[in-house]
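Note: the block below is work-v3.txt and it holds compact mmCIF, C-alpha atoms and all ligand atoms.
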```txt
# COMPACT_ATOMS: atom_id res chain seq x y z
CA MET A 71 -15.11 29.30 -11.97
CA GLU A 72 -15.85 28.34 -8.40
CA GLY A 73 -13.09 25.77 -8.08
CA GLU A 74 -10.54 28.17 -9.49
CA LEU A 75 -10.98 30.42 -6.50
CA ILE A 76 -9.40 27.59 -4.54
CA VAL A 77 -7.37 25.53 -7.02
CA ARG A 78 -5.69 26.73 -10.18
CA LYS A 79 -6.05 25.16 -13.65
CA ILE A 80 -4.11 22.00 -14.37
CA LYS A 81 -1.77 21.42 -17.32
CA ASP A 82 -2.45 17.76 -18.14
CA GLY A 83 -4.82 15.32 -16.52
CA THR A 84 -8.45 14.90 -15.55
CA VAL A 85 -10.97 17.20 -13.92
CA ILE A 86 -13.96 15.36 -12.49
CA ASP A 87 -16.59 18.09 -12.23
CA HIS A 88 -20.22 18.35 -11.08
CA ILE A 89 -19.80 15.70 -8.38
CA PRO A 90 -22.72 15.63 -5.93
CA GLN A 91 -21.69 17.55 -2.85
CA GLY A 92 -19.63 15.63 -0.34
CA LYS A 93 -19.02 12.66 -2.66
CA ALA A 94 -15.51 13.48 -3.92
CA LEU A 95 -13.60 11.43 -1.36
CA LEU A 96 -15.91 8.46 -1.91
CA LEU A 97 -15.25 8.59 -5.67
CA LEU A 98 -11.51 8.68 -5.10
CA ARG A 99 -11.73 5.60 -2.89
CA LEU A 100 -13.86 3.84 -5.52
CA ILE A 101 -11.29 4.35 -8.26
CA GLY A 102 -8.49 3.58 -5.85
CA ILE A 103 -6.65 6.89 -5.85
CA THR A 104 -5.13 7.38 -2.42
CA GLY A 105 -2.66 10.20 -3.01
CA ALA A 106 0.25 7.82 -2.52
CA GLU A 107 0.55 7.31 -6.31
CA GLY A 108 2.28 10.64 -6.63
CA TYR A 109 -0.28 12.42 -8.81
CA ARG A 110 -0.80 16.04 -7.90
CA LEU A 111 -4.33 15.86 -6.59
CA ALA A 112 -6.88 18.48 -5.63
CA VAL A 113 -10.18 17.77 -3.95
CA VAL A 114 -12.62 20.64 -3.64
CA SER A 115 -15.77 19.95 -1.67
CA ASN A 116 -18.99 21.86 -1.16
CA VAL A 117 -18.37 24.79 -3.49
CA GLU A 118 -21.16 26.79 -5.16
CA SER A 119 -22.32 25.59 -8.56
CA ARG A 120 -24.73 27.33 -10.89
CA LYS A 121 -26.22 24.02 -11.99
CA MET A 122 -26.28 22.04 -8.76
CA GLY A 123 -26.38 24.36 -5.77
CA LYS A 124 -23.25 22.85 -4.24
CA LYS A 125 -20.80 20.46 -5.83
CA ASP A 126 -17.43 18.76 -5.44
CA ILE A 127 -14.55 18.78 -7.93
CA ILE A 128 -11.52 16.49 -8.24
CA LYS A 129 -8.42 17.40 -10.25
CA VAL A 130 -5.85 14.73 -10.97
CA GLU A 131 -2.76 16.03 -12.70
CA GLY A 132 -0.81 13.58 -14.87
CA LYS A 133 -3.57 10.98 -15.17
CA GLU A 134 -6.32 10.47 -17.74
CA LEU A 135 -9.03 8.22 -16.33
CA MET A 136 -9.48 4.75 -17.85
CA GLY A 137 -12.79 3.49 -19.19
CA TYR A 138 -13.47 1.21 -16.23
CA GLU A 139 -12.77 4.04 -13.79
CA VAL A 140 -15.27 6.22 -15.64
CA GLU A 141 -17.84 3.38 -15.46
CA LEU A 142 -17.42 3.05 -11.71
CA ILE A 143 -17.99 6.77 -11.30
CA ALA A 144 -21.00 6.67 -13.61
CA LEU A 145 -22.66 4.05 -11.46
CA VAL A 146 -22.60 6.04 -8.26
CA ALA A 147 -22.49 9.65 -9.55
CA PRO A 148 -24.18 9.99 -12.96
CA THR A 149 -24.24 13.81 -12.80
CA VAL A 150 -20.49 13.97 -13.19
CA THR A 151 -18.61 15.51 -16.13
CA ILE A 152 -15.17 14.09 -16.91
CA ASN A 153 -12.89 16.69 -18.49
CA ILE A 154 -9.67 15.49 -20.10
CA VAL A 155 -7.11 18.30 -20.07
CA ARG A 156 -4.03 18.53 -22.27
CA ASN A 157 -1.75 21.52 -22.26
CA TYR A 158 -4.26 23.52 -20.18
CA GLU A 159 -7.12 22.97 -22.67
CA VAL A 160 -10.18 20.76 -22.08
CA ILE A 161 -9.80 18.45 -25.11
CA GLU A 162 -12.63 16.11 -24.19
CA LYS A 163 -15.70 16.58 -22.03
CA ARG A 164 -17.52 13.36 -21.24
CA LYS A 165 -21.06 13.44 -19.87
CA ILE A 166 -21.30 10.01 -18.41
CA SER A 167 -24.20 7.68 -17.80
CA PRO A 168 -24.28 4.36 -15.99
CA PRO A 169 -23.99 1.18 -18.08
CA ARG A 170 -27.36 -0.50 -18.72
CA ILE A 171 -25.79 -3.88 -17.93
CA VAL A 172 -23.09 -4.37 -15.30
CA ARG A 173 -21.11 -7.59 -15.79
CA ARG A 174 -18.63 -9.28 -13.45
CA LEU A 175 -18.30 -6.28 -11.15
CA LEU A 176 -20.84 -6.99 -8.41
CA LYS A 177 -21.93 -10.00 -6.39
CA CYS A 178 -25.58 -11.04 -6.17
CA PRO A 179 -26.74 -10.83 -2.51
CA ASN A 180 -28.85 -13.98 -2.97
CA ASN A 181 -26.78 -16.97 -1.80
CA SER A 182 -28.83 -19.42 -3.84
CA CYS A 183 -28.40 -17.40 -7.05
CA ILE A 184 -26.72 -19.43 -9.82
CA THR A 185 -23.95 -16.81 -10.00
CA ASN A 186 -22.92 -17.72 -6.45
CA ASN A 187 -23.00 -21.47 -7.04
CA ASP A 188 -21.93 -22.28 -10.58
CA PRO A 189 -18.22 -21.46 -10.90
CA GLU A 190 -18.77 -20.91 -14.65
CA ALA A 191 -21.48 -18.29 -14.14
CA THR A 192 -20.53 -14.60 -14.07
CA SER A 193 -22.62 -11.98 -12.34
CA GLU A 194 -24.80 -9.66 -14.38
CA PHE A 195 -27.12 -6.87 -13.30
CA GLN A 196 -29.61 -4.76 -15.25
CA LEU A 197 -29.92 -1.07 -14.53
CA ILE A 198 -33.45 -0.51 -13.23
CA ASN A 199 -33.08 3.07 -12.06
CA GLN A 200 -30.28 5.63 -12.23
CA THR A 201 -31.08 8.00 -9.35
CA PRO A 202 -31.43 6.51 -6.81
CA LEU A 203 -29.37 3.64 -8.16
CA LEU A 204 -31.18 0.33 -8.43
CA LEU A 205 -29.86 -2.81 -10.16
CA SER A 206 -31.51 -6.17 -10.62
CA CYS A 207 -29.72 -9.53 -10.96
CA SER A 208 -30.26 -10.87 -14.50
CA PHE A 209 -30.59 -14.41 -13.13
CA CYS A 210 -32.69 -14.17 -9.97
CA GLU A 211 -33.95 -10.57 -10.05
CA THR A 212 -32.61 -9.79 -6.58
CA MET A 213 -32.25 -6.01 -6.23
CA LEU A 214 -29.08 -4.16 -5.34
CA ASN A 215 -29.31 -0.52 -4.23
CA GLY A 216 -26.71 2.25 -4.34
CA GLU A 217 -25.63 1.76 -0.75
CA GLN A 218 -25.02 -1.96 -1.33
CA VAL A 219 -23.12 -1.22 -4.54
CA VAL A 220 -20.83 1.26 -2.80
CA LYS A 221 -20.19 -1.15 0.09
CA GLN A 222 -19.26 -3.94 -2.30
CA LEU A 223 -17.02 -1.74 -4.39
CA LEU A 224 -15.21 -0.52 -1.29
CA GLY A 225 -14.91 -4.10 -0.05
CA GLU A 226 -16.85 -3.45 3.13
N1 LIG B 301 -10.09 23.00 -15.70
C1 LIG B 301 -8.86 22.91 -15.06
N2 LIG B 301 -7.70 23.05 -15.75
C2 LIG B 301 -7.72 23.32 -17.07
C3 LIG B 301 -8.96 23.44 -17.75
C4 LIG B 301 -10.13 23.28 -17.03
O1 LIG B 301 -8.80 22.65 -13.86
N3 LIG B 301 -6.56 23.49 -17.69
C5 LIG B 301 -11.33 22.80 -14.94
C6 LIG B 301 -12.20 24.03 -14.82
O2 LIG B 301 -11.82 24.77 -13.67
C7 LIG B 301 -13.58 23.43 -14.65
C8 LIG B 301 -13.50 22.14 -15.46
O3 LIG B 301 -12.10 21.85 -15.62
O4 LIG B 301 -13.83 23.08 -13.29
C9 LIG B 301 -14.16 22.25 -16.80
O5 LIG B 301 -13.58 23.30 -17.51
P1 LIG B 301 -14.39 24.11 -18.62
O6 LIG B 301 -14.96 23.15 -19.59
O7 LIG B 301 -13.49 25.19 -19.13
O8 LIG B 301 -15.52 24.79 -17.70
P2 LIG B 301 -17.09 24.95 -17.97
O9 LIG B 301 -17.33 25.41 -19.35
O10 LIG B 301 -17.64 25.76 -16.83
O11 LIG B 301 -17.57 23.44 -17.82
P3 LIG B 301 -19.09 22.89 -17.79
O12 LIG B 301 -19.80 23.44 -18.98
O13 LIG B 301 -18.87 21.38 -17.89
O14 LIG B 301 -19.67 23.29 -16.47
ZN ZN B 302 -28.87 -13.33 -8.52
```
Take the structure I supplied and represent it as structure tokens, if you would.
Amino acid sequence: MEGELIVRKIKDGTVIDHIPQGKALLLLRLIGITGAEGYRLAVVSNVESRKMGKKDIIKVEGKELMGYEVELIALVAPTVTINIVRNYEVIEKRKISPPRIVRRLLKCPNNSCITNNDPEATSEFQLINQTPLLLSCSFCETMLNGEQVVKQLLGE
């Protein structure tokens, strides 16, 4: 409802709904959507939500999100609902949750960790807590928090 006061319904694509307030632009950067791709894109921030107080919404017309993009979003914003829209109808509504094990995506902050020294070893983290996000290296148990995850994913 709320978003529609600002942005109309889309025909085909993805609506990322129930984003924590103020996080929409961060999520777009994480999945690498810049606007230059040519998708018709709407970002609605800080609108009223019955469930969350305030929320953000992203609408991407002409693109259905890939599995790995959904996983990235799930890591940093587990409250999100991904709606796949075809011919104006929501044909799939995905409540997402972060993966319990995150492989190959993140780097262990511990320089002496085997994953940073053995070229054959791939990184692996266990999900310790969802909100706030906390991961633990499967090899050396070094912790990685949400802020560190976001920095790594944005290449900062
Ligand atoms: N939406 C859209 N274009 C469509 C269909 C839906 O932009 N053609 C948007 C709606 O505006 C809403 C979201 O997709 O922000 C989910 O739509 P819908 O499932 O119809 O809304 P709700 O039932 O309110 O969703 P929920 O129960 O997940 O809050
Ligand atoms: Zn480690």
Exercise. Could you name the residues that touch region 99-108 of chain A at 7 Å or less, counting all atoms listed in the file, but leaving out those on the same chain fewer than 6 positions away, as a list in words?
Worked result: Glu139, Leu223 and Leu224 of chain A
Problem set entry | Surroundings of ligand LIG 301 (chain B) up to 8 Å, based on only C-alpha atoms and all ligand atoms, as a PyMOL selection string | chain A and resi 71-74+77-82+84-88+121+127+129+151+153+155-160+163
Exercise. Using only C-alpha atoms, which of the listed residues (A:Leu203, A:Ala144, A:Ile89, A:Leu95) sits closest to Ser119 (chain A)?
Worked result: A:Ile89
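Inspection of the environment of ligand ZN 302 (chain B), which uses all atoms listed in the file and a cut-off of 7 Å, identifies the neighbouring residues as Cys178, Pro179, Asn180, Cys183, Ile184, Thr185, Cys207, Ser208, Phe209, Cys210, Glu211 and Thr212 of chain A.
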For this session: Give the answer as one residue: which of A:Ile198, A:Ile76, A:Ile166, A:Leu97 has the shortest atom-to-atom distance to Ala112 (chain A), using all atoms listed in the file?
Result: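 Looking only at the distances to Ala112 (chain A), the closest residue turns out to be A:Ile76.
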For this session: Select all residues near (-5.1, 18.7, -6.7) (cut-off 7 Å, inclusive, file coordinates), counting all atoms listed in the file, and output them as a ChimeraX atom specification.
Result: /A:110-113,128-131
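The space between CA of Lys221 (chain A) and CA of Phe195 (chain A) spans 16.1 Å.
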